[in-house]
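Everything below belongs to coords_16.cif, which stores mmCIF, C-alpha atoms.
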data_protein
#
loop_
_atom_site.label_atom_id
_atom_site.label_comp_id
_atom_site.auth_asym_id
_atom_site.auth_seq_id
_atom_site.Cartn_x
_atom_site.Cartn_y
_atom_site.Cartn_z
CA MET A 251 -30.21 -12.58 13.46
CA THR A 252 -31.53 -13.36 9.98
CA THR A 253 -29.60 -12.90 6.78
CA THR A 254 -32.14 -10.32 5.54
CA MET A 255 -31.71 -8.18 8.65
CA THR A 256 -27.93 -8.21 8.45
CA THR A 257 -27.77 -7.47 4.71
CA GLN A 258 -29.93 -4.43 5.41
CA ALA A 259 -27.44 -3.16 8.01
CA ARG A 260 -25.69 0.10 7.08
CA ILE A 261 -22.84 1.95 8.70
CA ASN A 262 -23.02 5.51 10.01
CA GLY A 263 -21.26 7.56 7.34
CA SER A 264 -21.26 10.76 9.38
CA ARG A 265 -19.57 9.02 12.29
CA LEU A 266 -16.95 7.49 9.98
CA TRP A 267 -16.19 10.91 8.49
CA ALA A 268 -15.97 12.53 11.93
CA SER A 269 -13.50 9.86 13.09
CA LEU A 270 -11.35 10.39 10.01
CA MET A 271 -11.31 14.15 10.56
CA GLU A 272 -10.44 13.78 14.26
CA LEU A 273 -7.54 11.44 13.54
CA ALA A 274 -6.37 13.82 10.79
CA GLN A 275 -5.86 16.56 13.38
CA ILE A 276 -2.91 14.60 14.79
CA GLY A 277 -0.07 15.74 12.56
CA ALA A 278 -2.25 18.12 10.54
CA THR A 279 -0.33 20.26 8.03
CA ALA A 280 -0.97 23.80 6.85
CA LYS A 281 -2.00 22.54 3.40
CA GLY A 282 -4.72 20.28 4.80
CA GLY A 283 -2.75 17.04 4.86
CA VAL A 284 -1.17 14.93 7.56
CA LYS A 285 2.44 14.29 8.57
CA ARG A 286 2.42 11.43 11.07
CA LEU A 287 5.55 9.37 10.50
CA ALA A 288 5.86 5.88 11.95
CA LEU A 289 6.88 5.59 15.62
CA THR A 290 7.06 9.32 16.26
CA ASP A 291 5.26 11.05 19.12
CA LEU A 292 2.47 11.91 16.68
CA ASP A 293 2.16 8.25 15.72
CA ARG A 294 1.84 7.40 19.40
CA GLN A 295 -0.96 9.96 19.74
CA GLY A 296 -2.73 8.50 16.72
CA ARG A 297 -2.33 4.96 18.03
CA ASP A 298 -3.60 5.96 21.45
CA LEU A 299 -6.66 7.61 19.93
CA VAL A 300 -7.58 4.59 17.78
CA VAL A 301 -6.90 2.10 20.59
CA GLY A 302 -9.09 4.20 22.88
CA TRP A 303 -11.90 4.07 20.34
CA GLY A 304 -11.47 0.31 20.10
CA ARG A 305 -11.68 -0.12 23.85
CA ALA A 306 -14.77 2.10 23.96
CA ALA A 307 -16.34 -0.27 21.41
CA GLY A 308 -15.67 -3.20 23.76
CA MET A 309 -12.73 -4.59 21.82
CA ARG A 310 -9.77 -6.45 23.31
CA ILE A 311 -6.36 -5.05 22.35
CA THR A 312 -3.27 -7.12 21.47
CA ILE A 313 0.10 -5.67 20.42
CA ASP A 314 2.85 -7.78 18.91
CA GLN A 315 6.63 -7.37 19.01
CA ILE A 316 6.76 -5.20 15.89
CA GLY A 317 4.00 -2.93 17.19
CA ASN A 318 1.13 -4.25 15.07
CA VAL A 319 -2.14 -3.61 16.93
CA PHE A 320 -5.11 -5.99 16.80
CA MET A 321 -8.50 -4.93 18.18
CA ARG A 322 -10.88 -7.87 18.67
CA ARG A 323 -14.65 -8.13 18.83
CA GLU A 324 -15.53 -11.59 20.05
CA GLY A 325 -17.73 -13.96 18.07
CA ARG A 326 -19.87 -16.79 19.31
CA ASN A 327 -17.11 -19.29 18.57
CA GLY A 328 -13.87 -17.91 19.96
CA ALA A 329 -11.95 -20.91 18.65
CA LEU A 330 -12.44 -19.74 15.07
CA PRO A 331 -9.73 -17.55 13.54
CA PRO A 332 -10.93 -13.95 13.26
CA VAL A 333 -12.14 -12.26 10.13
CA MET A 334 -9.79 -9.28 10.03
CA THR A 335 -9.76 -5.90 8.38
CA GLY A 336 -7.34 -3.01 8.67
CA SER A 337 -4.56 -0.94 7.16
CA HIS A 338 -2.17 1.63 8.66
CA ILE A 339 -2.22 5.05 10.31
CA ASP A 340 1.35 6.19 9.62
CA THR A 341 1.62 8.65 6.72
CA GLN A 342 4.03 10.07 4.21
CA PRO A 343 5.80 13.35 5.10
CA THR A 344 3.30 15.04 2.78
CA GLY A 345 0.45 12.61 3.36
CA GLY A 346 -3.32 12.89 3.28
CA LYS A 347 -6.22 12.15 5.58
CA PHE A 348 -7.37 8.90 3.96
CA ASP A 349 -4.47 6.73 2.81
CA GLY A 350 -4.39 3.86 5.31
CA ASN A 351 -6.44 5.70 7.90
CA TYR A 352 -9.66 4.96 6.04
CA GLY A 353 -9.05 1.21 6.13
CA VAL A 354 -8.53 1.22 9.89
CA LEU A 355 -11.45 3.47 10.76
CA ALA A 356 -13.77 1.70 8.31
CA GLY A 357 -13.09 -1.45 10.31
CA LEU A 358 -13.83 0.36 13.54
CA GLU A 359 -17.07 1.69 12.07
CA VAL A 360 -18.10 -1.87 11.11
CA VAL A 361 -17.68 -2.91 14.75
CA ARG A 362 -19.58 0.12 16.03
CA THR A 363 -22.42 -0.73 13.64
CA LEU A 364 -22.54 -4.38 14.72
CA ASN A 365 -22.63 -3.27 18.35
CA GLU A 366 -25.48 -0.83 17.77
CA ARG A 367 -27.55 -3.39 15.89
CA GLY A 368 -26.81 -6.23 18.26
CA ILE A 369 -25.44 -8.39 15.47
CA GLU A 370 -23.41 -11.35 16.66
CA THR A 371 -21.00 -13.16 14.36
CA GLU A 372 -19.91 -16.77 14.52
CA ALA A 373 -16.21 -15.94 14.15
CA PRO A 374 -14.52 -13.03 15.93
CA ILE A 375 -13.93 -9.82 14.02
CA GLU A 376 -10.67 -7.92 14.34
CA VAL A 377 -9.40 -4.53 13.21
CA ALA A 378 -5.63 -4.28 12.71
CA PHE A 379 -3.27 -1.45 12.08
CA TRP A 380 0.19 -2.37 10.90
CA THR A 381 3.48 -0.68 11.76
CA ASN A 382 5.41 1.46 9.25
CA GLU A 383 3.45 0.61 6.13
CA GLU A 384 4.64 3.72 4.32
CA GLY A 385 8.35 3.14 4.79
CA SER A 386 8.95 6.88 4.79
CA ARG A 387 10.89 6.88 8.07
CA PHE A 388 12.16 3.29 8.20
CA VAL A 389 12.89 0.80 5.41
CA PRO A 390 11.50 -1.65 4.34
CA VAL A 391 7.98 -0.55 3.51
CA MET A 392 5.04 -2.59 4.85
CA MET A 393 7.30 -3.49 7.75
CA GLY A 394 4.74 -4.66 10.30
CA SER A 395 2.81 -6.93 7.95
CA GLY A 396 6.06 -8.11 6.36
CA VAL A 397 7.45 -9.30 9.69
CA PHE A 398 4.05 -10.77 10.56
CA CYS A 399 4.01 -13.02 7.49
CA GLY A 400 7.71 -13.89 7.64
CA ALA A 401 8.83 -11.93 4.58
CA PHE A 402 11.75 -10.68 6.68
CA SER A 403 12.90 -11.15 10.25
CA LEU A 404 12.02 -9.25 13.37
CA ASP A 405 15.73 -8.57 13.94
CA THR A 406 16.01 -7.00 10.49
CA ALA A 407 13.10 -4.69 11.24
CA TYR A 408 14.39 -3.86 14.73
CA ALA A 409 17.78 -2.83 13.32
CA ALA A 410 16.35 -0.42 10.72
CA ARG A 411 17.40 3.16 11.40
CA ASP A 412 15.98 6.53 10.42
CA THR A 413 18.07 9.44 9.15
CA GLU A 414 18.95 10.37 12.73
CA GLY A 415 20.19 6.88 13.56
CA LEU A 416 17.23 5.91 15.74
CA THR A 417 16.20 2.24 15.53
CA VAL A 418 12.76 0.73 15.15
CA LYS A 419 13.08 -1.29 18.34
CA ASP A 420 14.11 1.69 20.46
CA GLU A 421 11.37 3.87 19.02
CA LEU A 422 8.72 1.18 19.59
CA ALA A 423 9.79 0.99 23.21
CA ARG A 424 9.90 4.76 23.56
CA ILE A 425 6.32 5.28 22.38
CA GLY A 426 5.02 2.31 24.38
CA TYR A 427 4.12 -0.03 21.52
CA LEU A 428 6.77 -2.74 21.84
CA GLY A 429 4.35 -5.61 22.42
CA GLU A 430 4.90 -9.16 23.60
CA GLN A 431 3.06 -11.34 21.09
CA VAL A 432 5.30 -13.07 18.56
CA PRO A 433 4.45 -11.77 15.05
CA GLY A 434 2.68 -14.40 12.99
CA GLN A 435 1.30 -16.24 15.99
CA HIS A 436 -1.88 -14.24 15.65
CA PRO A 437 -4.36 -16.26 13.55
CA ILE A 438 -6.29 -14.83 10.59
CA GLY A 439 -9.31 -16.53 9.03
CA ALA A 440 -9.72 -13.96 6.26
CA TYR A 441 -8.50 -10.43 5.63
CA PHE A 442 -10.15 -7.45 3.93
CA GLU A 443 -8.60 -4.03 3.34
CA THR A 444 -10.60 -0.98 2.33
CA HIS A 445 -8.62 1.80 0.68
CA ILE A 446 -8.81 4.85 -1.53
CA GLU A 447 -7.72 3.81 -5.00
CA GLN A 448 -4.69 6.17 -5.11
CA GLY A 449 -5.20 6.35 -8.86
CA PRO A 450 -7.68 7.90 -11.34
CA VAL A 451 -9.41 4.83 -12.79
CA LEU A 452 -12.61 4.76 -10.69
CA GLU A 453 -13.17 8.49 -10.91
CA ASP A 454 -12.55 8.46 -14.66
CA ALA A 455 -15.09 5.65 -15.10
CA ASP A 456 -17.55 7.25 -12.65
CA LYS A 457 -17.73 4.11 -10.49
CA VAL A 458 -18.18 4.01 -6.73
CA ILE A 459 -16.57 0.68 -5.81
CA GLY A 460 -13.48 -1.00 -7.16
CA VAL A 461 -13.40 -4.78 -6.70
CA VAL A 462 -9.69 -5.64 -6.48
CA PRO A 463 -8.82 -9.05 -7.92
CA ALA A 464 -5.05 -8.59 -7.63
CA VAL A 465 -2.12 -6.30 -6.92
CA MET A 466 0.47 -5.77 -9.64
CA GLY A 467 3.93 -7.18 -9.21
CA LEU A 468 6.86 -4.85 -9.56
CA SER A 469 10.54 -4.98 -10.46
CA TRP A 470 12.85 -2.10 -9.57
CA TYR A 471 16.23 -1.62 -11.20
CA ASP A 472 19.22 0.70 -11.04
CA CYS A 473 20.81 1.33 -14.44
CA VAL A 474 24.16 3.05 -15.02
CA VAL A 475 25.40 4.18 -18.44
CA THR A 476 29.07 5.16 -18.54
CA GLY A 477 30.54 7.25 -21.35
CA MET A 478 33.16 9.99 -21.21
CA GLU A 479 32.97 13.64 -20.24
CA ALA A 480 34.18 16.05 -22.92
CA HIS A 481 33.84 19.68 -23.91
CA ALA A 482 30.47 20.39 -25.56
CA GLY A 483 32.00 22.74 -28.16
CA PRO A 484 35.16 21.18 -29.60
CA THR A 485 33.91 17.55 -29.61
CA PRO A 486 32.18 16.55 -32.89
CA MET A 487 28.90 14.70 -32.60
CA GLY A 488 30.24 11.55 -34.21
CA LEU A 489 33.15 11.30 -31.79
CA ARG A 490 31.17 11.67 -28.57
CA ARG A 491 30.60 9.05 -25.88
CA ASP A 492 27.49 10.73 -24.53
CA ALA A 493 26.06 8.72 -21.63
CA LEU A 494 22.87 10.77 -21.45
CA GLN A 495 21.89 10.27 -25.08
CA VAL A 496 22.34 6.50 -24.74
CA ALA A 497 20.46 6.48 -21.43
CA THR A 498 17.48 8.27 -22.97
CA VAL A 499 17.18 5.52 -25.59
CA ILE A 500 16.71 3.03 -22.74
CA MET A 501 14.33 5.35 -20.91
CA GLN A 502 12.10 5.62 -23.97
CA GLU A 503 12.10 1.83 -24.31
CA VAL A 504 10.91 1.46 -20.69
CA VAL A 505 7.73 3.36 -21.60
CA ALA A 506 7.34 1.62 -24.96
CA LEU A 507 7.76 -1.77 -23.32
CA ALA A 508 4.95 -1.09 -20.87
CA ASN A 509 2.68 0.01 -23.71
CA ARG A 510 3.28 -3.30 -25.47
CA TYR A 511 1.74 -5.22 -22.55
CA PRO A 512 -1.60 -3.51 -21.78
CA PRO A 513 -3.78 -2.97 -19.88
CA TYR A 514 -1.65 -3.41 -16.77
CA GLY A 515 1.85 -2.88 -18.11
CA ARG A 516 3.62 -0.04 -16.35
CA GLY A 517 7.05 1.43 -17.06
CA THR A 518 8.52 4.39 -15.23
CA VAL A 519 11.85 6.18 -14.96
CA GLY A 520 11.46 8.29 -11.85
CA MET A 521 15.00 9.15 -10.77
CA VAL A 522 17.86 10.39 -12.95
CA GLN A 523 21.33 11.53 -11.90
CA VAL A 524 23.64 13.03 -14.51
CA PHE A 525 27.39 13.45 -14.01
CA PRO A 526 28.93 15.97 -14.05
CA ASN A 527 25.65 17.83 -14.67
CA SER A 528 27.28 20.85 -16.28
CA ARG A 529 25.80 22.91 -19.09
CA ASN A 530 28.79 22.66 -21.44
CA VAL A 531 30.10 19.19 -20.60
CA ILE A 532 29.01 16.04 -22.42
CA PRO A 533 27.61 13.74 -19.68
CA GLY A 534 30.02 10.99 -18.73
CA GLU A 535 27.75 8.93 -16.52
CA VAL A 536 23.99 8.63 -16.01
CA THR A 537 22.36 6.67 -13.21
CA PHE A 538 18.60 6.14 -13.36
CA SER A 539 15.85 4.02 -11.90
CA ILE A 540 13.52 1.69 -13.81
CA ASP A 541 10.15 0.56 -12.45
CA LEU A 542 8.32 -2.23 -14.31
CA ARG A 543 4.91 -3.57 -13.25
CA ASN A 544 2.29 -6.01 -14.47
CA VAL A 545 -0.50 -8.17 -13.16
CA ASN A 546 1.05 -11.64 -13.35
CA ASP A 547 4.48 -13.27 -13.19
CA GLU A 548 4.50 -14.34 -16.82
CA LEU A 549 3.95 -10.84 -18.16
CA LEU A 550 6.33 -9.24 -15.67
CA ASN A 551 9.07 -11.75 -16.47
CA THR A 552 8.51 -11.24 -20.19
CA MET A 553 8.96 -7.49 -19.71
CA HIS A 554 12.07 -8.13 -17.60
CA GLU A 555 13.71 -10.31 -20.26
CA ALA A 556 12.76 -7.93 -23.08
CA MET A 557 14.30 -4.99 -21.23
CA LEU A 558 17.55 -6.86 -20.58
CA ALA A 559 17.78 -7.87 -24.23
CA PHE A 560 17.18 -4.30 -25.37
CA ILE A 561 19.84 -2.94 -23.02
CA GLU A 562 22.33 -5.51 -24.29
CA GLN A 563 21.62 -4.42 -27.87
CA VAL A 564 22.10 -0.75 -26.93
CA ARG A 565 25.39 -1.66 -25.25
CA ARG A 566 26.64 -3.34 -28.44
CA ASP A 567 25.42 -0.54 -30.71
CA SER A 568 26.79 2.32 -28.60
CA GLY A 569 29.98 0.75 -27.31
CA LEU A 570 29.32 2.26 -23.88
CA ALA A 571 29.37 0.33 -20.62
CA ILE A 572 25.88 -0.26 -19.24
CA SER A 573 25.13 -1.98 -15.94
CA ILE A 574 21.65 -3.04 -14.81
CA GLU A 575 20.83 -4.38 -11.35
CA ARG A 576 17.45 -5.51 -10.05
CA VAL A 577 17.23 -3.98 -6.57
CA SER A 578 13.72 -5.01 -5.53
CA TYR A 579 11.05 -7.46 -6.60
CA TYR A 580 7.51 -7.96 -5.35
CA PRO A 581 5.61 -10.74 -7.10
CA PRO A 582 2.06 -10.12 -8.32
CA CYS A 583 -0.55 -10.92 -5.68
CA PRO A 584 -3.84 -12.43 -6.83
CA PHE A 585 -6.46 -12.22 -4.10
CA HIS A 586 -8.53 -15.19 -2.96
CA ALA A 587 -11.60 -15.93 -5.06
CA ASP A 588 -13.80 -16.31 -1.97
CA CYS A 589 -12.90 -12.86 -0.62
CA VAL A 590 -13.09 -11.20 -4.05
CA GLY A 591 -16.48 -12.87 -4.45
CA ALA A 592 -17.65 -11.64 -1.05
CA VAL A 593 -16.78 -8.07 -2.04
CA ARG A 594 -18.50 -8.47 -5.38
CA ARG A 595 -21.67 -9.91 -3.81
CA ALA A 596 -21.77 -7.16 -1.18
CA THR A 597 -21.44 -4.49 -3.87
CA GLU A 598 -24.24 -6.04 -5.91
CA ALA A 599 -26.50 -6.34 -2.86
CA LEU A 600 -25.97 -2.67 -2.09
CA GLY A 601 -26.53 -1.56 -5.68
CA TYR A 602 -23.33 0.46 -6.08
CA SER A 603 -21.75 0.99 -9.47
CA THR A 604 -18.60 -1.06 -9.73
CA MET A 605 -15.69 -2.26 -11.81
CA ASP A 606 -12.62 -4.42 -11.29
CA VAL A 607 -9.46 -2.46 -10.51
CA VAL A 608 -6.05 -4.10 -10.26
CA SER A 609 -4.00 -2.25 -7.68
CA GLY A 610 -0.77 -0.68 -8.85
CA ALA A 611 0.33 0.18 -5.31
CA GLY A 612 1.50 -2.08 -2.51
CA HIS A 613 -0.69 -2.69 0.54
CA ASP A 614 -0.52 -4.71 3.75
CA ALA A 615 -3.11 -7.03 2.20
CA ILE A 616 -0.30 -8.41 0.00
CA TYR A 617 1.44 -9.88 3.04
CA ALA A 618 -1.79 -10.88 4.78
CA ALA A 619 -2.69 -12.86 1.65
CA ARG A 620 0.30 -15.13 2.28
CA LEU A 621 -1.38 -16.38 5.46
CA ALA A 622 -5.12 -16.28 4.77
CA PRO A 623 -7.72 -15.59 2.08
CA ALA A 624 -7.65 -11.85 1.39
CA GLY A 625 -9.39 -9.20 -0.68
CA MET A 626 -9.53 -5.43 -1.11
CA ILE A 627 -12.16 -2.76 -1.69
CA PHE A 628 -11.33 0.50 -3.48
CA VAL A 629 -13.20 3.79 -3.50
CA PRO A 630 -12.34 6.80 -5.68
CA CYS A 631 -10.07 9.63 -4.59
CA LYS A 632 -10.23 13.09 -6.12
CA ASP A 633 -8.18 13.34 -9.33
CA GLY A 634 -6.49 10.05 -8.38
CA ILE A 635 -4.12 11.95 -6.08
CA SER A 636 -2.54 10.31 -3.03
CA HIS A 637 0.72 10.66 -1.07
CA ASN A 638 -0.05 14.37 -1.25
CA GLU A 639 -1.51 16.84 1.24
CA ILE A 640 -4.37 17.64 -1.14
CA GLU A 641 -5.51 13.98 -1.18
CA ASP A 642 -9.30 13.95 -0.93
CA ALA A 643 -12.30 11.62 -1.11
CA ARG A 644 -16.06 12.03 -0.99
CA ALA A 645 -17.85 11.14 2.22
CA ASP A 646 -20.54 9.17 0.37
CA HIS A 647 -17.90 7.09 -1.41
CA LEU A 648 -16.16 6.33 1.88
CA GLU A 649 -19.51 5.35 3.37
CA ALA A 650 -20.22 3.08 0.40
CA GLY A 651 -16.90 1.29 0.71
CA CYS A 652 -17.46 0.75 4.42
CA ASN A 653 -20.93 -0.69 3.75
CA VAL A 654 -19.37 -3.15 1.30
CA LEU A 655 -16.79 -4.04 3.95
CA LEU A 656 -19.56 -4.64 6.51
CA LEU A 657 -21.44 -7.11 4.32
CA ALA A 658 -18.31 -8.87 3.07
CA MET A 659 -17.05 -9.38 6.61
CA LEU A 660 -20.46 -10.63 7.75
CA GLU A 661 -20.47 -13.18 4.93
CA ARG A 662 -17.05 -14.50 5.95
CA ALA A 663 -17.58 -14.28 9.73
CA GLY A 664 -21.00 -15.94 9.68
CA GLN A 665 -24.10 -14.32 11.11
CA VAL A 666 -25.69 -15.77 14.21
#
Kindly transcribe the structure held in the file into structure tokens.
Amino acid sequence: MTTTMTTQARINGSRLWASLMELAQIGATAKGGVKRLALTDLDRQGRDLVVGWGRAAGMRITIDQIGNVFMRREGRNGALPPVMTGSHIDTQPTGGKFDGNYGVLAGLEVVRTLNERGIETEAPIEVAFWTNEEGSRFVPVMMGSGVFCGAFSLDTAYAARDTEGLTVKDELARIGYLGEQVPGQHPIGAYFETHIEQGPVLEDADKVIGVVPAVMGLSWYDCVVTGMEAHAGPTPMGLRRDALQVATVIMQEVVALANRYPPYGRGTVGMVQVFPNSRNVIPGEVTFSIDLRNVNDELLNTMHEAMLAFIEQVRRDSGLAISIERVSYYPPCPFHADCVGAVRRATEALGYSTMDVVSGAGHDAIYAARLAPAGMIFVPCKDGISHNEIEDARADHLEAGCNVLLLAMLERAGQV
């Protein structure tokens, strides 16, 4: 097969859309979204459907001990590590049709296209879907890919429980996806993940393809400001120990700090708990979350140190007790230049409008990148909305992203 013939190959956009809509019926919600939580009966139905499609496409199925599923199309040289693509099919409780699902079914559509056109690759091609990426039923998030790359142990994942006390291991066994392969013993030559952007940048810029050079790192904190409750009427303003007013000073600085480190600085306070939360009582304690993000370790660490210094100054100025604890940290993830380049070259060959988009959300590709060269492809989603039942994307954009995936994977897998 010549290079010209393979670069002219295109996927079947109508078939991709139909597959997405069929999978979306499993766990469909009244508002047009999907609720298919990890390791539930609905997840089993979704897994069975996708595995059945893989088998129908002639792919060999492997399941590992954390329930990650790998669907393999052989290449001419089976000794080569596979060029892999994939994502997840579990959803948020108020999830949409495309988050994760698109990445898995785009990979399946690539294989279907290669089969139809009789295109053989030098290396095998695999489509993966990872267990419990969303983390909405079991913690931690990105569980399957995290175990796979050794970020945390299989025993830790197995012991995770949902709100009803059910464990990951028992639920994997119950739905029939407790596999035998040891996680991480499955080779990867390169990894691509196609995804809706989950943000508004591409749509705002009127671009079809986002080339993803990196994923932002993030630091999560819990902050507690402790003052003293007192009656809102008799207590003069100058004699108050108002925890909420001091907390809001820090909250405003979180946003200001992010704005000082553009274009990828992010600062969010998303959870606030006020005690005693009474209309006529001065708040005595405020607990709130802080979320800081940026594109590289240097900037993220600079933001971290600046925030700690600011909080210490507020503590001295106010005289109130303030505690700050970092509860989670994910380092920034730059993707491999070869895979980013393959995506860029595919986009140029296809003539799609494009721009670089650094991902602000976590993806399984972060963990895959610890083991092999990796890259991501973004397409727009309507109004930048995701993790919501009204999540939507255009069929032609999904088709475009899948075409980019096809050519990028062919470049890495080698065309026979």
Might you pull out every residue within 8 Å of A:Glu372, with all atoms listed in the file counted and same-chain residues fewer than 2 positions away left off, and present them as a compact mmCIF listing (two decimals) with C-alpha atoms, in the coordinates of the input?
# COMPACT_ATOMS: atom_id res chain seq x y z
CA GLY A 325 -17.73 -13.96 18.07
CA ARG A 326 -19.87 -16.79 19.31
CA ASN A 327 -17.11 -19.29 18.57
CA GLU A 370 -23.41 -11.35 16.66
CA PRO A 374 -14.52 -13.03 15.93
CA ALA A 663 -17.58 -14.28 9.73
CA GLY A 664 -21.00 -15.94 9.68
CA GLN A 665 -24.10 -14.32 11.11
CA VAL A 666 -25.69 -15.77 14.21
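Distances from A:Gly612, A:Gly317, A:Gly345, A:Gly467 to A:Tyr580 were compared using only C-alpha atoms, and the smallest one belongs to A:Gly467.
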Problem set entry | Nearby residues (all atoms listed in the file) at most 8 Å from stretch 430-444 of chain A, same-chain spacing under 5 positions excluded, as JSON, numbers by chain | {"A": [312, 313, 314, 315, 316, 330, 331, 332, 333, 334, 335, 336, 337, 352, 353, 356, 397, 398, 399, 400, 589, 615, 618, 619, 621, 622, 623, 624, 625, 626, 627, 628, 629, 651, 652, 655, 659, 662]}
For this session: To one decimal in Å, tell me the separation between atom CA of A:Glu359 and atom CA of A:Ala268.
Result: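 If I compute the distance from atom CA of A:Glu359 to atom CA of A:Ala268, I get 10.9 Å.
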For this session: Work out how far atom CA of A:Glu503 is from atom CA of A:Thr485, in Å to one decimal.
Result: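 Distance reported for this atom pair: 27.4 Å.
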Exercise. Can you tell me, as a ChimeraX atom specification, what residues are no more than 7 Å from A:Pro450 when counting only C-alpha atoms, ignoring any on the same chain fewer than 3 positions away?
Worked result: /A:453-454,633-634
Exercise. For the file shown, what are the residues hit by the PyMOL selection byres ((chain A and resi 490) around 12), laid out as a list in words?
Worked result: Gly477, Met478, Glu479, Ala480, His481, Ala482, Gly483, Pro484, Thr485, Pro486, Met487, Gly488, Leu489, Arg491, Asp492, Ala493, Leu494, Gln495, Val496, Val531, Ile532, Pro533, Gly534, Ser568, Gly569 and Leu570 of chain A
Atoms to include: C-alpha atoms. Write the selected residues as an mmCIF file, keeping the file's coordinate frame.
data_model
loop_
_atom_site.group_PDB
_atom_site.id
_atom_site.type_symbol
_atom_site.label_atom_id
_atom_site.label_comp_id
_atom_site.auth_asym_id
_atom_site.auth_seq_id
_atom_site.Cartn_x
_atom_site.Cartn_y
_atom_site.Cartn_z
ATOM 1 C CA GLY A 477 30.540 7.250 -21.350
ATOM 2 C CA MET A 478 33.160 9.990 -21.210
ATOM 3 C CA GLU A 479 32.970 13.640 -20.240
ATOM 4 C CA ALA A 480 34.180 16.050 -22.920
ATOM 5 C CA HIS A 481 33.840 19.680 -23.910
ATOM 6 C CA ALA A 482 30.470 20.390 -25.560
ATOM 7 C CA GLY A 483 32.000 22.740 -28.160
ATOM 8 C CA PRO A 484 35.160 21.180 -29.600
ATOM 9 C CA THR A 485 33.910 17.550 -29.610
ATOM 10 C CA PRO A 486 32.180 16.550 -32.890
ATOM 11 C CA MET A 487 28.900 14.700 -32.600
ATOM 12 C CA GLY A 488 30.240 11.550 -34.210
ATOM 13 C CA LEU A 489 33.150 11.300 -31.790
ATOM 14 C CA ARG A 491 30.600 9.050 -25.880
ATOM 15 C CA ASP A 492 27.490 10.730 -24.530
ATOM 16 C CA ALA A 493 26.060 8.720 -21.630
ATOM 17 C CA LEU A 494 22.870 10.770 -21.450
ATOM 18 C CA GLN A 495 21.890 10.270 -25.080
ATOM 19 C CA VAL A 496 22.340 6.500 -24.740
ATOM 20 C CA VAL A 531 30.100 19.190 -20.600
ATOM 21 C CA ILE A 532 29.010 16.040 -22.420
ATOM 22 C CA PRO A 533 27.610 13.740 -19.680
ATOM 23 C CA GLY A 534 30.020 10.990 -18.730
ATOM 24 C CA SER A 568 26.790 2.320 -28.600
ATOM 25 C CA GLY A 569 29.980 0.750 -27.310
ATOM 26 C CA LEU A 570 29.320 2.260 -23.880
#
Problem set entry | the PyMOL selection byres ((chain A and resi 381) around 10) resolved against shown file, as number ranges by chain | A: 288-289, 293, 316-319, 337-340, 378-380, 382-385, 391-397, 418, 422, 427, 614
Exercise. Which distance in Å separates atom CA of A:Lys347 and atom CA of A:Ile311, to one decimal?
Worked result: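 Those two atoms sit 24.0 Å apart.
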For this session: Apply the PyMOL selection byres ((chain A and resi 602) around 12) to the file shown and report the selected residues as an MDAnalysis selection string.
Result: chainID A and resid 456:461 593:601 603:605 629 646:647 649:651 653:654
